[in-house]
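Colleague: Quick one: this structure, given as C-alpha cells, is what I'll be asking you about.
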Amino acid sequence: MNGQRIDLWSTYLGIFLVFASMCVPAITLNENIPSIHILDFSLPFILCFIALKGAWKSMQAYVWIPFIFAGFILTTMWWNIVHVSTSDYFEVYKWFKYGCAFLFFSQLDFTIVKRMIPLLFLFICLVNVVHFLELFGINDVLEKYYNGGIHLQFFGKDSDGGPAVKRLVGTMGNPNINAILFGLFSIYFFPIRFERKKVLIYFLSLFFVFLCQSRTALLVLLTAYGYLALVHAHIWTKKQWMLMFIGLVLTFLCAWMFATSFFQYTSYNNSLLDGSVLKSGSARGRLETWKLLGEMILQKPLLGHGPFKQYFYEHKIYSENEYILMTWRYGLVGLMLYLSIFLIPLKKMWKDFKELSIQGSLLILLMLVSALTNNPFTERNIELLFCVGLAWVIGKEFKKEKANAQI
C-alpha cells in the first residue's frame with residue numbers, strides 16, 4: 001500500500017512539474033543569484049522518491065552521464081580556478097538536477113500524464129491566443145513575470161514603434177523557445193497512425209509553431225521530414241504523404257496571414273525563404289560571437305574555459321549555439337558528454353519502427369537542430385520537458401531490461 005501511495009503521489013508531482021514548466025514563472029529573489037525554478041522546489045521530494053523507490057540501485061549506464069558531466073564540470077573549474085565564481089557552481093547543480101529528474105521520470109507510469117496533456121495543450125493554446133490578440137493586459141504580465149522583456153515591448157512593432165509582424169512569445173519569454181514548446185506538442189500529437197483527430201491537432205500545434213515566426217523551427221521541420229522520408233517512409237501511404245504536405249503548406253500560409261495582419265507586413269520567416277537571413281543583423285551578430293568563441297576554443301580545446309559565466313556577463317554576449325557553448329566551456333571532452341545525452345538514445349531508436357521510438361527520434365532531432373542557433377538545453381523549462389519526454393520514451397526500455405535481468 002505504501003508503495004502504491006508513493007507511486008501515485010510521485011505521478012501527481014510529475015504532472016504538476018509538466019504543468020509548471022509551461023505555466024509557472026521562475027521566482028527571482030536577488031539579481032545576484034539565479035532565479036528559483038519549480039524543479040528546485042521539487043528536488044527534495046524527487047530525492048526522497050528515488051531513495052524510497054530504490055531507483056538508484058537499478059541505474060542504467062546512460063543515467064550516469066549527467067552525474068559524470070557534473071563531476072567533469074568541477075574538473076574544468078579546478079583547471080581554470082583563476083576565474084571561477086559562485087555562479088559557476090550552478091552549472092554543476094544543473095546537471096545533477098537533470099540526472100535526478102530523469103531518474104525520477106523514468107520510474108513513473110505515464111498513463112495519468114497522457115490524459116492531462118491534451119487539456120494542458122488547449123490551455124497553452126488559449127493563453128497564446130489571448131497573448132496574440134493582446135487582451136486583458138496579458139502581455140504586461142508576460143513581460144513582467146515571464147521574462148518577456150524586449151520581445152513583449154516590441155510585440156507587433158518594429159524598432160521605430162510602428163506596426164509589424166507578430167511573433168508569439170507566450171509563457172516561454174522568447175519566440176524561439178515558444179516554438180520549441182509547441183514543437184514538443186507537435187511531436188506528442190504526431191499522427192504516425194493517420195487518424196483525422198490526431199492530424200488536426202498536429203496541424204494546430206504547428207500553426208502555433210509558425211506563429212512564433214522562428215526560422216530555426218522551419219529547419220527543425222525540414223530535418224524531421226527528411227528523416228521520416230529516409231528512414232520511416234512506410235508510415236504513410238503516398239496519398240497520406242501528399243495530404244500531410246498540403247496540410248503543412250496551408251497551415252504555414254494561415255499562420256503567415258495572421259502574423260502579418262493579412263500580409264500587410266514582412267514575415268520574419270521570409271528572410272530564410274529568400275536567403276536574406278545571412279545578411280540580417282541577427283545572423284551577423286551570431287557569426288561575430290561564434291568567431292570570437294571559436295578563437296578562444298583553440299586556446300583550450302580539451303577541457304575548455306569552464307562555465308566562466310562572468311565572461312558572458314561582462315562582454316554582454318550570448319552564444320546562440322549550444323555546441324559552441326559546450327566546447328568553449330568544457331572542451332571536446334565536454335562536447336562529447338553533451339552529445340552523448342542525445343546520440344546514445346537516438347542510436348537505439350533510429351531504425352526502431354515502434355510509434356514511441358519514432359516520436360523519441362523526432363524529440364532528439366528537435367533538440368539537436370535547435371542547438372545550432374539557440375541554447376535549448378540551457379533553457380530550464382525546455383530542459384525539463386525534454387527530460388520528461390526522453391524518460392517517457394526510454395523508461396520502458398529500462399524497465400524491460402530490469403525485468404529481463406530478474407528472470
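Just so we're on the same page: first chain in the C-alpha cells is A, next is B, and so on; residues restart at 1 for each chain, and ligands are numbered from 1 in the order they show up.
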Would you please extract all helix (DSSP H, G or I) residues from stretch 225-374 of chain A, as assigned by DSSP on the backbone, and give them as a JSON list (two decimals) with N, CA and C atoms, in the first residue's frame?
Modeller:
[["chain", "number", "residue", "atom", "x", "y", "z"],
["A", 225, "TYR", "N", 11.15, 15.90, -41.40],
["A", 225, "TYR", "CA", 10.50, 15.24, -42.53],
["A", 225, "TYR", "C", 11.53, 14.57, -43.44],
["A", 226, "GLY", "N", 12.74, 15.10, -43.48],
["A", 226, "GLY", "CA", 13.81, 14.43, -44.22],
["A", 226, "GLY", "C", 14.14, 13.09, -43.59],
["A", 227, "TYR", "N", 14.21, 13.08, -42.26],
["A", 227, "TYR", "CA", 14.46, 11.84, -41.52],
["A", 227, "TYR", "C", 13.34, 10.83, -41.76],
["A", 228, "LEU", "N", 12.09, 11.29, -41.68],
["A", 228, "LEU", "CA", 10.95, 10.39, -41.88],
["A", 228, "LEU", "C", 10.94, 9.81, -43.30],
["A", 229, "ALA", "N", 11.25, 10.65, -44.28],
["A", 229, "ALA", "CA", 11.23, 10.20, -45.67],
["A", 229, "ALA", "C", 12.32, 9.16, -45.93],
["A", 230, "LEU", "N", 13.46, 9.31, -45.27],
["A", 230, "LEU", "CA", 14.58, 8.39, -45.49],
["A", 230, "LEU", "C", 14.46, 7.10, -44.69],
["A", 231, "VAL", "N", 13.99, 7.21, -43.46],
["A", 231, "VAL", "CA", 14.02, 6.06, -42.54],
["A", 231, "VAL", "C", 12.65, 5.43, -42.32],
["A", 233, "ALA", "N", 9.60, 6.03, -44.30],
["A", 233, "ALA", "CA", 8.68, 6.41, -45.38],
["A", 233, "ALA", "C", 7.43, 5.54, -45.40],
["A", 234, "HIS", "N", 7.52, 4.37, -44.77],
["A", 234, "HIS", "CA", 6.41, 3.42, -44.80],
["A", 234, "HIS", "C", 5.25, 3.80, -43.88],
["A", 235, "ILE", "N", 5.45, 4.78, -43.00],
["A", 235, "ILE", "CA", 4.40, 5.06, -42.00],
["A", 235, "ILE", "C", 3.12, 5.59, -42.64],
["A", 238, "LYS", "N", 1.28, 6.96, -50.08],
["A", 238, "LYS", "CA", 1.62, 8.12, -50.92],
["A", 238, "LYS", "C", 0.55, 9.21, -50.81],
["A", 239, "LYS", "N", -0.70, 8.77, -50.75],
["A", 239, "LYS", "CA", -1.80, 9.73, -50.62],
["A", 239, "LYS", "C", -1.71, 10.48, -49.29],
["A", 240, "GLN", "N", -1.39, 9.77, -48.23],
["A", 240, "GLN", "CA", -1.27, 10.40, -46.91],
["A", 240, "GLN", "C", -0.08, 11.36, -46.86],
["A", 241, "TRP", "N", 1.02, 10.96, -47.49],
["A", 241, "TRP", "CA", 2.17, 11.88, -47.58],
["A", 241, "TRP", "C", 1.76, 13.17, -48.29],
["A", 242, "MET", "N", 1.01, 13.04, -49.36],
["A", 242, "MET", "CA", 0.56, 14.22, -50.10],
["A", 242, "MET", "C", -0.36, 15.09, -49.26],
["A", 243, "LEU", "N", -1.27, 14.46, -48.52],
["A", 243, "LEU", "CA", -2.18, 15.21, -47.65],
["A", 243, "LEU", "C", -1.40, 15.95, -46.55],
["A", 244, "MET", "N", -0.37, 15.30, -46.01],
["A", 244, "MET", "CA", 0.45, 15.95, -44.98],
["A", 244, "MET", "C", 1.18, 17.15, -45.56],
["A", 245, "PHE", "N", 1.70, 17.00, -46.77],
["A", 245, "PHE", "CA", 2.41, 18.11, -47.41],
["A", 245, "PHE", "C", 1.47, 19.29, -47.66],
["A", 246, "ILE", "N", 0.29, 19.00, -48.17],
["A", 246, "ILE", "CA", -0.70, 20.06, -48.42],
["A", 246, "ILE", "C", -1.10, 20.72, -47.10],
["A", 247, "GLY", "N", -1.30, 19.91, -46.06],
["A", 247, "GLY", "CA", -1.65, 20.45, -44.75],
["A", 247, "GLY", "C", -0.57, 21.36, -44.19],
["A", 248, "LEU", "N", 0.69, 20.97, -44.38],
["A", 248, "LEU", "CA", 1.81, 21.81, -43.92],
["A", 248, "LEU", "C", 1.81, 23.16, -44.61],
["A", 249, "VAL", "N", 1.64, 23.14, -45.92],
["A", 249, "VAL", "CA", 1.65, 24.39, -46.70],
["A", 249, "VAL", "C", 0.49, 25.29, -46.27],
["A", 250, "LEU", "N", -0.70, 24.73, -46.16],
["A", 250, "LEU", "CA", -1.87, 25.54, -45.78],
["A", 250, "LEU", "C", -1.73, 26.09, -44.37],
["A", 251, "THR", "N", -1.21, 25.27, -43.45],
["A", 251, "THR", "CA", -1.01, 25.73, -42.07],
["A", 251, "THR", "C", 0.00, 26.87, -42.02],
["A", 252, "PHE", "N", 1.08, 26.72, -42.79],
["A", 252, "PHE", "CA", 2.10, 27.77, -42.84],
["A", 252, "PHE", "C", 1.52, 29.07, -43.40],
["A", 253, "LEU", "N", 0.73, 28.97, -44.46],
["A", 253, "LEU", "CA", 0.13, 30.16, -45.07],
["A", 253, "LEU", "C", -0.86, 30.84, -44.13],
["A", 254, "CYS", "N", -1.64, 30.04, -43.41],
["A", 254, "CYS", "CA", -2.60, 30.62, -42.45],
["A", 254, "CYS", "C", -1.86, 31.36, -41.34],
["A", 255, "ALA", "N", -0.82, 30.76, -40.80],
["A", 255, "ALA", "CA", -0.04, 31.42, -39.74],
["A", 255, "ALA", "C", 0.62, 32.68, -40.28],
["A", 256, "TRP", "N", 1.13, 32.61, -41.48],
["A", 256, "TRP", "CA", 1.76, 33.76, -42.13],
["A", 256, "TRP", "C", 0.75, 34.89, -42.27],
["A", 257, "MET", "N", -0.45, 34.55, -42.67],
["A", 257, "MET", "CA", -1.50, 35.55, -42.86],
["A", 257, "MET", "C", -1.84, 36.25, -41.54],
["A", 258, "PHE", "N", -2.03, 35.48, -40.47],
["A", 258, "PHE", "CA", -2.39, 36.07, -39.18],
["A", 258, "PHE", "C", -1.23, 36.87, -38.58],
["A", 259, "ALA", "N", -0.02, 36.34, -38.68],
["A", 259, "ALA", "CA", 1.14, 37.02, -38.08],
["A", 259, "ALA", "C", 1.41, 38.36, -38.74],
["A", 270, "ASN", "N", 10.45, 35.17, -43.99],
["A", 270, "ASN", "CA", 10.78, 35.46, -45.39],
["A", 270, "ASN", "C", 12.27, 35.43, -45.64],
["A", 271, "SER", "N", 13.03, 35.91, -44.65],
["A", 271, "SER", "CA", 14.48, 36.01, -44.82],
["A", 271, "SER", "C", 15.12, 34.64, -45.00],
["A", 272, "LEU", "N", 14.49, 33.60, -44.42],
["A", 272, "LEU", "CA", 15.00, 32.25, -44.59],
["A", 272, "LEU", "C", 14.62, 31.71, -45.97],
["A", 273, "LEU", "N", 13.42, 32.05, -46.41],
["A", 273, "LEU", "CA", 12.94, 31.54, -47.69],
["A", 273, "LEU", "C", 13.64, 32.20, -48.87],
["A", 276, "SER", "N", 17.94, 35.97, -47.56],
["A", 276, "SER", "CA", 18.48, 37.22, -46.98],
["A", 276, "SER", "C", 18.82, 37.09, -45.50],
["A", 277, "VAL", "N", 18.52, 35.93, -44.91],
["A", 277, "VAL", "CA", 18.80, 35.73, -43.49],
["A", 277, "VAL", "C", 20.28, 35.90, -43.17],
["A", 278, "LEU", "N", 21.15, 35.53, -44.12],
["A", 278, "LEU", "CA", 22.60, 35.62, -43.88],
["A", 278, "LEU", "C", 23.08, 37.07, -43.81],
["A", 279, "LYS", "N", 22.25, 38.00, -44.31],
["A", 279, "LYS", "CA", 22.62, 39.41, -44.28],
["A", 279, "LYS", "C", 21.98, 40.15, -43.11],
["A", 281, "GLY", "N", 20.95, 41.39, -39.26],
["A", 281, "GLY", "CA", 21.74, 41.75, -38.09],
["A", 281, "GLY", "C", 21.86, 40.59, -37.11],
["A", 282, "SER", "N", 20.79, 39.81, -37.00],
["A", 282, "SER", "CA", 20.80, 38.65, -36.11],
["A", 282, "SER", "C", 21.87, 37.66, -36.52],
["A", 283, "ALA", "N", 21.95, 37.37, -37.83],
["A", 283, "ALA", "CA", 22.94, 36.41, -38.33],
["A", 283, "ALA", "C", 24.35, 36.96, -38.17],
["A", 284, "ARG", "N", 24.54, 38.24, -38.48],
["A", 284, "ARG", "CA", 25.88, 38.84, -38.35],
["A", 284, "ARG", "C", 26.35, 38.81, -36.91],
["A", 285, "GLY", "N", 25.42, 39.12, -35.99],
["A", 285, "GLY", "CA", 25.78, 39.10, -34.57],
["A", 285, "GLY", "C", 26.19, 37.71, -34.11],
["A", 286, "ARG", "N", 25.45, 36.70, -34.57],
["A", 286, "ARG", "CA", 25.78, 35.32, -34.22],
["A", 286, "ARG", "C", 27.16, 34.94, -34.76],
["A", 287, "LEU", "N", 27.41, 35.29, -36.03],
["A", 287, "LEU", "CA", 28.67, 34.91, -36.66],
["A", 287, "LEU", "C", 29.86, 35.57, -35.97],
["A", 288, "GLU", "N", 29.69, 36.81, -35.56],
["A", 288, "GLU", "CA", 30.77, 37.51, -34.85],
["A", 288, "GLU", "C", 31.05, 36.84, -33.50],
["A", 289, "THR", "N", 29.98, 36.47, -32.79],
["A", 289, "THR", "CA", 30.14, 35.80, -31.49],
["A", 289, "THR", "C", 30.78, 34.44, -31.67],
["A", 290, "TRP", "N", 30.33, 33.69, -32.67],
["A", 290, "TRP", "CA", 30.89, 32.34, -32.91],
["A", 290, "TRP", "C", 32.37, 32.43, -33.27],
["A", 291, "LYS", "N", 32.74, 33.44, -34.04],
["A", 291, "LYS", "CA", 34.15, 33.62, -34.41],
["A", 291, "LYS", "C", 34.99, 33.89, -33.17],
["A", 292, "LEU", "N", 34.49, 34.77, -32.31],
["A", 292, "LEU", "CA", 35.21, 35.11, -31.07],
["A", 292, "LEU", "C", 35.38, 33.87, -30.19],
["A", 293, "LEU", "N", 34.28, 33.15, -29.96],
["A", 293, "LEU", "CA", 34.33, 31.97, -29.11],
["A", 293, "LEU", "C", 35.16, 30.86, -29.75],
["A", 294, "GLY", "N", 35.10, 30.75, -31.07],
["A", 294, "GLY", "CA", 35.88, 29.74, -31.78],
["A", 294, "GLY", "C", 37.37, 29.95, -31.61],
["A", 295, "GLU", "N", 37.82, 31.20, -31.68],
["A", 295, "GLU", "CA", 39.24, 31.50, -31.47],
["A", 295, "GLU", "C", 39.67, 31.16, -30.06],
["A", 296, "MET", "N", 38.78, 31.37, -29.09],
["A", 296, "MET", "CA", 39.11, 31.05, -27.70],
["A", 296, "MET", "C", 39.08, 29.54, -27.45],
["A", 297, "ILE", "N", 38.26, 28.81, -28.22],
["A", 297, "ILE", "CA", 38.23, 27.34, -28.10],
["A", 297, "ILE", "C", 39.59, 26.76, -28.46],
["A", 298, "LEU", "N", 40.23, 27.34, -29.50],
["A", 298, "LEU", "CA", 41.54, 26.85, -29.94],
["A", 298, "LEU", "C", 42.60, 27.02, -28.86],
["A", 299, "GLN", "N", 42.39, 27.96, -27.95],
["A", 299, "GLN", "CA", 43.35, 28.17, -26.85],
["A", 299, "GLN", "C", 43.30, 27.04, -25.83],
["A", 309, "LYS", "N", 30.82, 32.03, -16.39],
["A", 309, "LYS", "CA", 29.65, 32.84, -16.75],
["A", 309, "LYS", "C", 29.96, 34.33, -16.77],
["A", 310, "GLN", "N", 30.88, 34.73, -15.92],
["A", 310, "GLN", "CA", 31.21, 36.14, -15.79],
["A", 310, "GLN", "C", 31.69, 36.73, -17.12],
["A", 311, "TYR", "N", 32.35, 35.91, -17.93],
["A", 311, "TYR", "CA", 32.84, 36.39, -19.23],
["A", 311, "TYR", "C", 31.68, 36.84, -20.11],
["A", 312, "PHE", "N", 30.61, 36.06, -20.12],
["A", 312, "PHE", "CA", 29.45, 36.41, -20.94],
["A", 312, "PHE", "C", 28.72, 37.62, -20.37],
["A", 313, "TYR", "N", 28.66, 37.72, -19.04],
["A", 313, "TYR", "CA", 28.01, 38.88, -18.42],
["A", 313, "TYR", "C", 28.77, 40.16, -18.74],
["A", 314, "GLU", "N", 30.09, 40.11, -18.60],
["A", 314, "GLU", "CA", 30.91, 41.32, -18.79],
["A", 314, "GLU", "C", 30.92, 41.78, -20.24],
["A", 315, "HIS", "N", 30.94, 40.82, -21.18],
["A", 315, "HIS", "CA", 31.01, 41.18, -22.60],
["A", 315, "HIS", "C", 29.64, 41.27, -23.26],
["A", 322, "GLU", "N", 24.56, 25.90, -28.94],
["A", 322, "GLU", "CA", 24.89, 25.11, -27.77],
["A", 322, "GLU", "C", 26.14, 24.27, -27.97],
["A", 323, "TYR", "N", 26.42, 23.88, -29.21],
["A", 323, "TYR", "CA", 27.63, 23.10, -29.46],
["A", 323, "TYR", "C", 28.88, 23.95, -29.21],
["A", 324, "ILE", "N", 28.85, 25.18, -29.71],
["A", 324, "ILE", "CA", 29.98, 26.09, -29.48],
["A", 324, "ILE", "C", 30.11, 26.42, -28.00],
["A", 325, "LEU", "N", 28.97, 26.64, -27.34],
["A", 325, "LEU", "CA", 28.99, 26.97, -25.91],
["A", 325, "LEU", "C", 29.61, 25.82, -25.10],
["A", 326, "MET", "N", 29.17, 24.60, -25.36],
["A", 326, "MET", "CA", 29.69, 23.45, -24.62],
["A", 326, "MET", "C", 31.18, 23.25, -24.87],
["A", 327, "THR", "N", 31.61, 23.43, -26.12],
["A", 327, "THR", "CA", 33.03, 23.26, -26.45],
["A", 327, "THR", "C", 33.85, 24.37, -25.81],
["A", 328, "TRP", "N", 33.36, 25.60, -25.83],
["A", 328, "TRP", "CA", 34.07, 26.72, -25.21],
["A", 328, "TRP", "C", 34.22, 26.50, -23.70],
["A", 329, "ARG", "N", 33.14, 26.05, -23.08],
["A", 329, "ARG", "CA", 33.17, 25.86, -21.63],
["A", 329, "ARG", "C", 33.93, 24.61, -21.19],
["A", 330, "TYR", "N", 33.69, 23.48, -21.89],
["A", 330, "TYR", "CA", 34.18, 22.20, -21.38],
["A", 330, "TYR", "C", 35.05, 21.44, -22.37],
["A", 331, "GLY", "N", 35.44, 22.09, -23.47],
["A", 331, "GLY", "CA", 36.33, 21.47, -24.42],
["A", 331, "GLY", "C", 35.68, 20.32, -25.19],
["A", 332, "LEU", "N", 36.50, 19.60, -25.94],
["A", 332, "LEU", "CA", 35.99, 18.50, -26.76],
["A", 332, "LEU", "C", 35.45, 17.36, -25.90],
["A", 333, "VAL", "N", 36.05, 17.16, -24.74],
["A", 333, "VAL", "CA", 35.57, 16.12, -23.83],
["A", 333, "VAL", "C", 34.14, 16.46, -23.38],
["A", 334, "GLY", "N", 33.93, 17.69, -22.99],
["A", 334, "GLY", "CA", 32.60, 18.13, -22.56],
["A", 334, "GLY", "C", 31.59, 18.06, -23.69],
["A", 335, "LEU", "N", 32.02, 18.40, -24.90],
["A", 335, "LEU", "CA", 31.11, 18.32, -26.05],
["A", 335, "LEU", "C", 30.66, 16.88, -26.28],
["A", 336, "MET", "N", 31.59, 15.93, -26.14],
["A", 336, "MET", "CA", 31.23, 14.52, -26.31],
["A", 336, "MET", "C", 30.23, 14.07, -25.24],
["A", 337, "LEU", "N", 30.42, 14.52, -24.01],
["A", 337, "LEU", "CA", 29.47, 14.17, -22.94],
["A", 337, "LEU", "C", 28.09, 14.77, -23.22],
["A", 338, "TYR", "N", 28.08, 16.01, -23.68],
["A", 338, "TYR", "CA", 26.82, 16.67, -24.02],
["A", 338, "TYR", "C", 26.11, 15.93, -25.15],
["A", 339, "LEU", "N", 26.84, 15.59, -26.20],
["A", 339, "LEU", "CA", 26.24, 14.90, -27.34],
["A", 339, "LEU", "C", 25.75, 13.51, -26.98],
["A", 340, "SER", "N", 26.42, 12.87, -26.03],
["A", 340, "SER", "CA", 26.01, 11.52, -25.64],
["A", 340, "SER", "C", 24.61, 11.49, -25.03],
["A", 341, "ILE", "N", 24.19, 12.62, -24.43],
["A", 341, "ILE", "CA", 22.83, 12.72, -23.89],
["A", 341, "ILE", "C", 21.80, 12.45, -24.99],
["A", 342, "PHE", "N", 22.12, 12.87, -26.22],
["A", 342, "PHE", "CA", 21.19, 12.73, -27.34],
["A", 342, "PHE", "C", 21.50, 11.50, -28.20],
["A", 343, "LEU", "N", 22.78, 11.28, -28.49],
["A", 343, "LEU", "CA", 23.13, 10.30, -29.51],
["A", 343, "LEU", "C", 22.99, 8.85, -29.03],
["A", 344, "ILE", "N", 23.21, 8.60, -27.74],
["A", 344, "ILE", "CA", 23.07, 7.22, -27.25],
["A", 344, "ILE", "C", 21.63, 6.72, -27.39],
["A", 345, "PRO", "N", 20.63, 7.47, -26.90],
["A", 345, "PRO", "CA", 19.25, 7.01, -27.13],
["A", 345, "PRO", "C", 18.83, 7.06, -28.59],
["A", 346, "LEU", "N", 19.35, 8.05, -29.34],
["A", 346, "LEU", "CA", 18.99, 8.14, -30.76],
["A", 346, "LEU", "C", 19.47, 6.91, -31.51],
["A", 347, "LYS", "N", 20.64, 6.40, -31.16],
["A", 347, "LYS", "CA", 21.18, 5.20, -31.80],
["A", 347, "LYS", "C", 20.24, 4.01, -31.59],
["A", 348, "LYS", "N", 19.64, 3.92, -30.38],
["A", 348, "LYS", "CA", 18.72, 2.82, -30.09],
["A", 348, "LYS", "C", 17.41, 2.95, -30.84],
["A", 349, "MET", "N", 16.99, 4.21, -31.04],
["A", 349, "MET", "CA", 15.65, 4.43, -31.61],
["A", 349, "MET", "C", 15.66, 4.68, -33.12],
["A", 355, "GLU", "N", 6.00, 3.17, -32.49],
["A", 355, "GLU", "CA", 5.49, 4.55, -32.51],
["A", 355, "GLU", "C", 6.25, 5.44, -31.53],
["A", 356, "LEU", "N", 6.48, 4.92, -30.32],
["A", 356, "LEU", "CA", 7.15, 5.73, -29.29],
["A", 356, "LEU", "C", 8.59, 6.03, -29.68],
["A", 357, "SER", "N", 9.25, 5.09, -30.35],
["A", 357, "SER", "CA", 10.64, 5.30, -30.77],
["A", 357, "SER", "C", 10.73, 6.37, -31.86],
["A", 358, "ILE", "N", 9.78, 6.38, -32.77],
["A", 358, "ILE", "CA", 9.76, 7.41, -33.81],
["A", 358, "ILE", "C", 9.58, 8.79, -33.18],
["A", 359, "GLN", "N", 8.67, 8.88, -32.21],
["A", 359, "GLN", "CA", 8.47, 10.15, -31.50],
["A", 359, "GLN", "C", 9.73, 10.55, -30.74],
["A", 360, "GLY", "N", 10.39, 9.57, -30.13],
["A", 360, "GLY", "CA", 11.63, 9.85, -29.41],
["A", 360, "GLY", "C", 12.72, 10.36, -30.33],
["A", 361, "SER", "N", 12.82, 9.79, -31.52],
["A", 361, "SER", "CA", 13.80, 10.26, -32.50],
["A", 361, "SER", "C", 13.52, 11.70, -32.91],
["A", 362, "LEU", "N", 12.25, 12.01, -33.14],
["A", 362, "LEU", "CA", 11.87, 13.37, -33.51],
["A", 362, "LEU", "C", 12.16, 14.36, -32.38],
["A", 363, "LEU", "N", 11.96, 13.91, -31.14],
["A", 363, "LEU", "CA", 12.26, 14.74, -29.98],
["A", 363, "LEU", "C", 13.74, 15.10, -29.94],
["A", 364, "ILE", "N", 14.59, 14.12, -30.15],
["A", 364, "ILE", "CA", 16.04, 14.36, -30.11],
["A", 364, "ILE", "C", 16.48, 15.23, -31.28],
["A", 365, "LEU", "N", 15.91, 14.99, -32.47],
["A", 365, "LEU", "CA", 16.25, 15.82, -33.63],
["A", 365, "LEU", "C", 15.84, 17.27, -33.39],
["A", 366, "LEU", "N", 14.70, 17.47, -32.74],
["A", 366, "LEU", "CA", 14.26, 18.83, -32.39],
["A", 366, "LEU", "C", 15.33, 19.55, -31.57],
["A", 367, "MET", "N", 15.87, 18.87, -30.57],
["A", 367, "MET", "CA", 16.88, 19.48, -29.71],
["A", 367, "MET", "C", 18.20, 19.69, -30.45],
["A", 368, "LEU", "N", 18.60, 18.71, -31.23],
["A", 368, "LEU", "CA", 19.89, 18.79, -31.94],
["A", 368, "LEU", "C", 19.90, 19.91, -32.97],
["A", 369, "VAL", "N", 18.82, 20.07, -33.70],
["A", 369, "VAL", "CA", 18.76, 21.13, -34.72],
["A", 369, "VAL", "C", 18.59, 22.50, -34.06],
["A", 370, "SER", "N", 17.76, 22.57, -33.02],
["A", 370, "SER", "CA", 17.56, 23.84, -32.32],
["A", 370, "SER", "C", 18.86, 24.35, -31.72]]
Colleague: Find, counting only C-alpha atoms, the residue in A:Val129, A:Ala217, A:Leu303, A:Val388 that gets nearest to A:Leu74.
Modeller: A:Leu303
Colleague: Give me the residues within 8 Å of A:Asn374 as a ChimeraX atom specification, counting only C-alpha atoms and dropping any in the same chain fewer than 6 places off.
Modeller: /A:176,319-322
